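Below is one structure; the comments refer to it alone.
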Protein chains: 2
Amino acid sequence: MKDVAKLANVSESTVSRVINRNIPVDTSTRRRVEAAIQKLDYKPNLLAKGLRIKRSHLIGLVVPEIVHHTFSSFIQYIEESAVSRGYNLIIGNHKDDPGLEESFIDMLVRRNVDGIIFTRVSDENGVMKVIDRTRVPVVVIDRAVEREQLASVVLDNYKAGALAGEHLGGLGHRVLGCVTGPLKIALSRERLAGFRDALARHGASVDDDSVFEGDFKFESGVRGAAALLERHPRMTAIWAQNDLMAVGVLKHLQNIGRAVPRDMSLMGMDDIILARMITPALTTVTQPFEQICEKAVELLLALKEGESTFSGRITMDPDLIVRDSTSAI
Amino acid sequence: MKDVAKLANVSESTVSRVINRNIPVDTSTRRRVEAAIQKLDYKPNLLAKGLRIKRSHLIGLVVPEIVHHTFSSFIQYIEESAVSRGYNLIIGNHKDDPGLEESFIDMLVRRNVDGIIFTRVSDENGVMKVIDRTRVPVVVIDRAVEREQLASVVLDNYKAGALAGEHLGGLGHRVLGCVTGPLKIALSRERLAGFRDALARHGASVDDDSVFEGDFKFESGVRGAAALLERHPRMTAIWAQNDLMAVGVLKHLQNIGRAVPRDMSLMGMDDIILARMITPALTTVTQPFEQICEKAVELLLALKEGESTFSGRITMDPDLIVRDSTSAI
DNA sequence: TTGTAAGCGTTATCAT
DNA sequence: ATGATAACGCTTACAA
């Protein structure tokens, strides 16, 4: 910067003003400075700038893992939203290790990040600690949190379940099953509640015997299908709360020679690429990943600017995608 | 820091020395300082530190996309290697847009990152510019680069092809096909060469008619299978250069009623989760993602420290995973 | 419109 | 072993 100033025959402050275009600078000096910047290939140092203005233009993103459709989607879209606003993204994956998570959060705070986005927060207390002890804005996505002091952007999981129930109920199914995520996670319970209520409106009830608690992984879909069919051999439709488990269900059905959708209608959730790759292509419920991320970044930065003091839950709507794995009874 | 110093009745320099444990400090003062740090919940500011010591402890990672098995694997393992060495990761996804890529690189340089890892570099000149114009160490992974001045850590793609050819040749197949990635990408050509050479040793030749140029996506596998079978109806084995295309091949075979592996042996590459989920489970060739990433980070930091001036290619070995999609003829 | 100077929170040099 | 001080590269009153 000193060199640029010297070459353009101005002071460093003027160079700064040219770069930040916030304070009027004479056109001719501006041109001189810009020429000097070009010539020297000068790149302002963001560390120094950040130190001075107390903003790093960095956003931290905390995920439990990365090689996973849901999380890599979040990473991708949050990165895009951040960059489009002039921010960069630091990501940290904690592998469900609270120690790792804490030390990552610590790093972020020490780096003066302008905000932190948490996904699937396992330990709400950890998040609360950040909020209480630091002034770093926080937004939580992908997981309903109980505390109203936390700002979160989440899918309306009840609606997602309702969408699935509505679709299958409308097709005439009356004996249905559901393979859920871990029921200690609120979103699994909410999805199930929406599913049940929608089906109730069609006169179908999903009793506890028709519910298998999975873990969002492929294998639990396989096990879930086996368990549900054993309990209700006449079941004609299954909703798995994510596509991975739905594919597991499909695998079991293929193994025992039941055809989808002829013998069994099958739905998933998420719309991962896989949903279109399998045969039959999977009917599913999608999350508007891009919107959620966009909203989360927007909210985070508004919080940082003090333009907003929002806390509570922002809810986004799921969508139904009908493909070939469901049919009328 | 000033507060800590005051509370512990020492100078800021002593606080610094306690934190960085590089210079001897009297045990009793050290204890006082540590107590003060605890009490005030003091977190050293990494921006200031970085500015002063000219190291940000930040690594930049450039990828073309994130929601993709290969890249999310790289992200995950590089993040882990970085964190275990006290670094954090900034990721940037350029969506094959050179403009975006350039502005991201620019950001990284201005953030004083200690190094940049590129995957699938589309524009070698962009990378060279970084190397020439800045002092930021660079390592390229996942793509063979022509220039010897670039340090890269890549899979031995020739060996990967040879592994596939060896396996299928050993099973007795003599009429084989290959669905490749884009042939303008060196790794596709190298894989194909290894495949051909290994089969030649078994007396089988893979002529140009038996090669279909795909694009590493699912749909091109479907198209590839159709094209290959039209040209060589008696083909008994196909290697797709990634699992996604292999699943596409499988899809086509199922569509036309050919059983795998009875009527056709099928191999993929990468070992994505999907490989184990489909029926039959896919025989495939894996990349040691974790090792590659570990090595790349290690090399990058050695370059930064000036401990190494390595340039050229570091090569890692692929592995064969035999599952149910291949059988003897 | 422009320049001067202080300060952001560290670390390194040089004394003591 | 510890402290004072300058410097890292930038921005921002304040003055001119």
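The chains in the structure tokens are called A, B, ... from first to last as shown; in each chain the residues are counted from 1, and the ligands are counted from 1 in the order shown.
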Chain C contacts to chain B at 9 Å (only C-alpha atoms (C1' of nucleotides)) as a list in words
DC8, DG9, DT10 and DT11 of chain C
Selection export as a short mmCIF file (atom, residue, chain, number, x, y, z; two decimals), in the first residue's frame, atoms kept: C-alpha atoms (C1' of nucleotides):
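Heads up, here's the output in result.cif:
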data_model
loop_
_atom_site.label_atom_id
_atom_site.label_comp_id
_atom_site.auth_asym_id
_atom_site.auth_seq_id
_atom_site.Cartn_x
_atom_site.Cartn_y
_atom_site.Cartn_z
"C1'" DC C 8 -6.65 -2.40 15.79
"C1'" DG C 9 -4.09 -6.99 18.86
"C1'" DT C 10 -0.39 -9.36 18.23
"C1'" DT C 11 4.97 -10.60 18.22
#
Could you give me, as a PyMOL selection string, each residue of region 197-229 of chain B that DSSP assigns to helix (DSSP H, G or I) when run on this structure's backbone?
chain B and resi 197-200+208-210+218-229
Please report as number ranges by chain which residues of chain D come no farther than 12 Å from chain B, using only C-alpha atoms (C1' of nucleotides).
D: 1-10
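Those residues of region 1-146 of chain A that DSSP, working from the backbone, places in strand (DSSP E) are A:Leu58, A:Ile59, A:Gly60, A:Leu61, A:Val62, A:Val63, A:Asn88, A:Leu89, A:Ile90, A:Ile91, A:Gly92, A:Asn93, A:Gly115, A:Ile116, A:Ile117, A:Phe118, A:Thr119, A:Val138, A:Val139, A:Val140, A:Ile141.
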Limited to C-alpha atoms, could you put the picked residues into a file as a PDB file, in the first residue's frame?
ATOM      1  CA  LEU A  58     -15.559 -14.756   7.078  1.00  0.00           C
ATOM      2  CA  ILE A  59     -18.450 -17.034   7.951  1.00  0.00           C
ATOM      3  CA  GLY A  60     -17.998 -20.265   9.854  1.00  0.00           C
ATOM      4  CA  LEU A  61     -20.025 -23.335   9.043  1.00  0.00           C
ATOM      5  CA  VAL A  62     -20.205 -26.241  11.454  1.00  0.00           C
ATOM      6  CA  VAL A  63     -21.271 -29.638  10.119  1.00  0.00           C
ATOM      7  CA  ASN A  88     -15.724 -16.507   2.450  1.00  0.00           C
ATOM      8  CA  LEU A  89     -16.560 -19.708   4.210  1.00  0.00           C
ATOM      9  CA  ILE A  90     -14.550 -21.639   6.765  1.00  0.00           C
ATOM     10  CA  ILE A  91     -15.925 -25.077   7.314  1.00  0.00           C
ATOM     11  CA  GLY A  92     -15.439 -27.380  10.231  1.00  0.00           C
ATOM     12  CA  ASN A  93     -16.612 -30.914  10.530  1.00  0.00           C
ATOM     13  CA  GLY A 115     -21.103 -15.213  12.085  1.00  0.00           C
ATOM     14  CA  ILE A 116     -21.480 -18.950  12.542  1.00  0.00           C
ATOM     15  CA  ILE A 117     -23.999 -21.284  10.965  1.00  0.00           C
ATOM     16  CA  PHE A 118     -24.624 -24.559  12.746  1.00  0.00           C
ATOM     17  CA  THR A 119     -26.253 -27.597  11.207  1.00  0.00           C
ATOM     18  CA  VAL A 138     -25.414 -17.543  15.190  1.00  0.00           C
ATOM     19  CA  VAL A 139     -27.979 -19.181  12.946  1.00  0.00           C
ATOM     20  CA  VAL A 140     -28.985 -22.819  13.132  1.00  0.00           C
ATOM     21  CA  ILE A 141     -30.262 -24.736  10.138  1.00  0.00           C
TER      22      ILE A 141
END
Using only C-alpha atoms, determine which residues of chain B fall within 9 Å of chain A; present them as a count of residues only.
49
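For the pair CA of Asp96 (chain B) and CA of Ile185 (chain B), the separation is 14.3 Å.
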Give me, as a CSV table (one decimal) with N, CA and C atoms, in the first residue's frame, all polymer residues having an atom no more than 10 Å from Asp271 (chain A), counting only C-alpha atoms (C1' of nucleotides) and skipping those fewer than 5 positions away in the same chain.
chain,number,residue,atom,x,y,z
A,69,HIS,N,-25.1,-36.2,1.5
A,69,HIS,CA,-25.8,-35.4,0.5
A,69,HIS,C,-26.3,-34.1,1.2
A,70,THR,N,-27.0,-34.3,2.3
A,70,THR,CA,-27.5,-33.1,3.0
A,70,THR,C,-26.5,-32.0,3.3
A,242,ASN,N,-36.0,-40.4,4.6
A,242,ASN,CA,-35.0,-39.9,3.6
A,242,ASN,C,-34.8,-40.9,2.5
A,243,ASP,N,-34.2,-40.4,1.4
A,243,ASP,CA,-34.1,-41.2,0.2
A,243,ASP,C,-33.2,-42.4,0.5
A,244,LEU,N,-32.1,-42.2,1.3
A,244,LEU,CA,-31.2,-43.3,1.5
A,244,LEU,C,-31.9,-44.5,2.1
A,276,ARG,N,-33.3,-40.3,-8.7
A,276,ARG,CA,-33.6,-40.4,-10.1
A,276,ARG,C,-32.9,-41.6,-10.8
A,282,LEU,N,-37.7,-42.6,-7.8
A,282,LEU,CA,-38.3,-42.5,-6.5
A,282,LEU,C,-39.2,-41.2,-6.4
A,283,THR,N,-40.4,-41.4,-6.0
A,283,THR,CA,-41.3,-40.3,-5.6
A,283,THR,C,-40.8,-39.8,-4.2
A,284,THR,N,-40.6,-38.5,-4.1
A,284,THR,CA,-40.0,-38.0,-2.9
A,284,THR,C,-40.4,-36.6,-2.5
A,285,VAL,N,-40.0,-36.2,-1.3
A,285,VAL,CA,-40.3,-34.8,-0.8
A,285,VAL,C,-39.0,-34.1,-0.8
A,286,THR,N,-38.9,-32.9,-1.3
A,286,THR,CA,-37.6,-32.1,-1.3
A,286,THR,C,-37.6,-31.0,-0.3
A,287,GLN,N,-36.4,-30.7,0.1
A,287,GLN,CA,-36.1,-29.5,0.8
A,287,GLN,C,-35.6,-28.5,-0.1
A,319,ASP,N,-41.5,-29.7,-0.8
A,319,ASP,CA,-42.2,-29.9,-2.1
A,319,ASP,C,-42.3,-31.3,-2.4
A,320,LEU,N,-43.4,-31.7,-3.1
A,320,LEU,CA,-43.6,-33.1,-3.5
A,320,LEU,C,-43.1,-33.3,-4.9
A,321,ILE,N,-42.4,-34.4,-5.1
A,321,ILE,CA,-41.9,-34.7,-6.5
A,321,ILE,C,-42.4,-36.1,-6.8
Leaving out Ser308 (chain A) and any residue of its chain fewer than 4 positions from it, which residues lie within 8 Å of it when counting only C-alpha atoms (C1' of nucleotides), given as a PyMOL selection string?
chain A and resi 299+302-303
Output of the above residues as a PDB file, in the first residue's frame, restricted to N, CA and C atoms:
ATOM      1  N   LEU A 299     -29.941 -13.788   7.042  1.00  0.00           N
ATOM      2  CA  LEU A 299     -30.298 -13.522   8.441  1.00  0.00           C
ATOM      3  C   LEU A 299     -29.052 -13.306   9.291  1.00  0.00           C
ATOM      4  N   ALA A 302     -27.626  -9.932   8.670  1.00  0.00           N
ATOM      5  CA  ALA A 302     -28.495  -8.893   9.225  1.00  0.00           C
ATOM      6  C   ALA A 302     -28.295  -8.817  10.739  1.00  0.00           C
ATOM      7  N   LEU A 303     -28.174  -9.978  11.344  1.00  0.00           N
ATOM      8  CA  LEU A 303     -27.913 -10.032  12.781  1.00  0.00           C
ATOM      9  C   LEU A 303     -26.601  -9.306  13.090  1.00  0.00           C
TER      10      LEU A 303
END
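With distances restricted to only C-alpha atoms (C1' of nucleotides), A:Asn9 is the closest residue to DG3 (chain C) from A:Asn9, A:Asp3, A:Leu183, A:Ala328.
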By how many Å are CA of Asp263 (chain B) and CA of Gly181 (chain B) apart?
24.2 Å
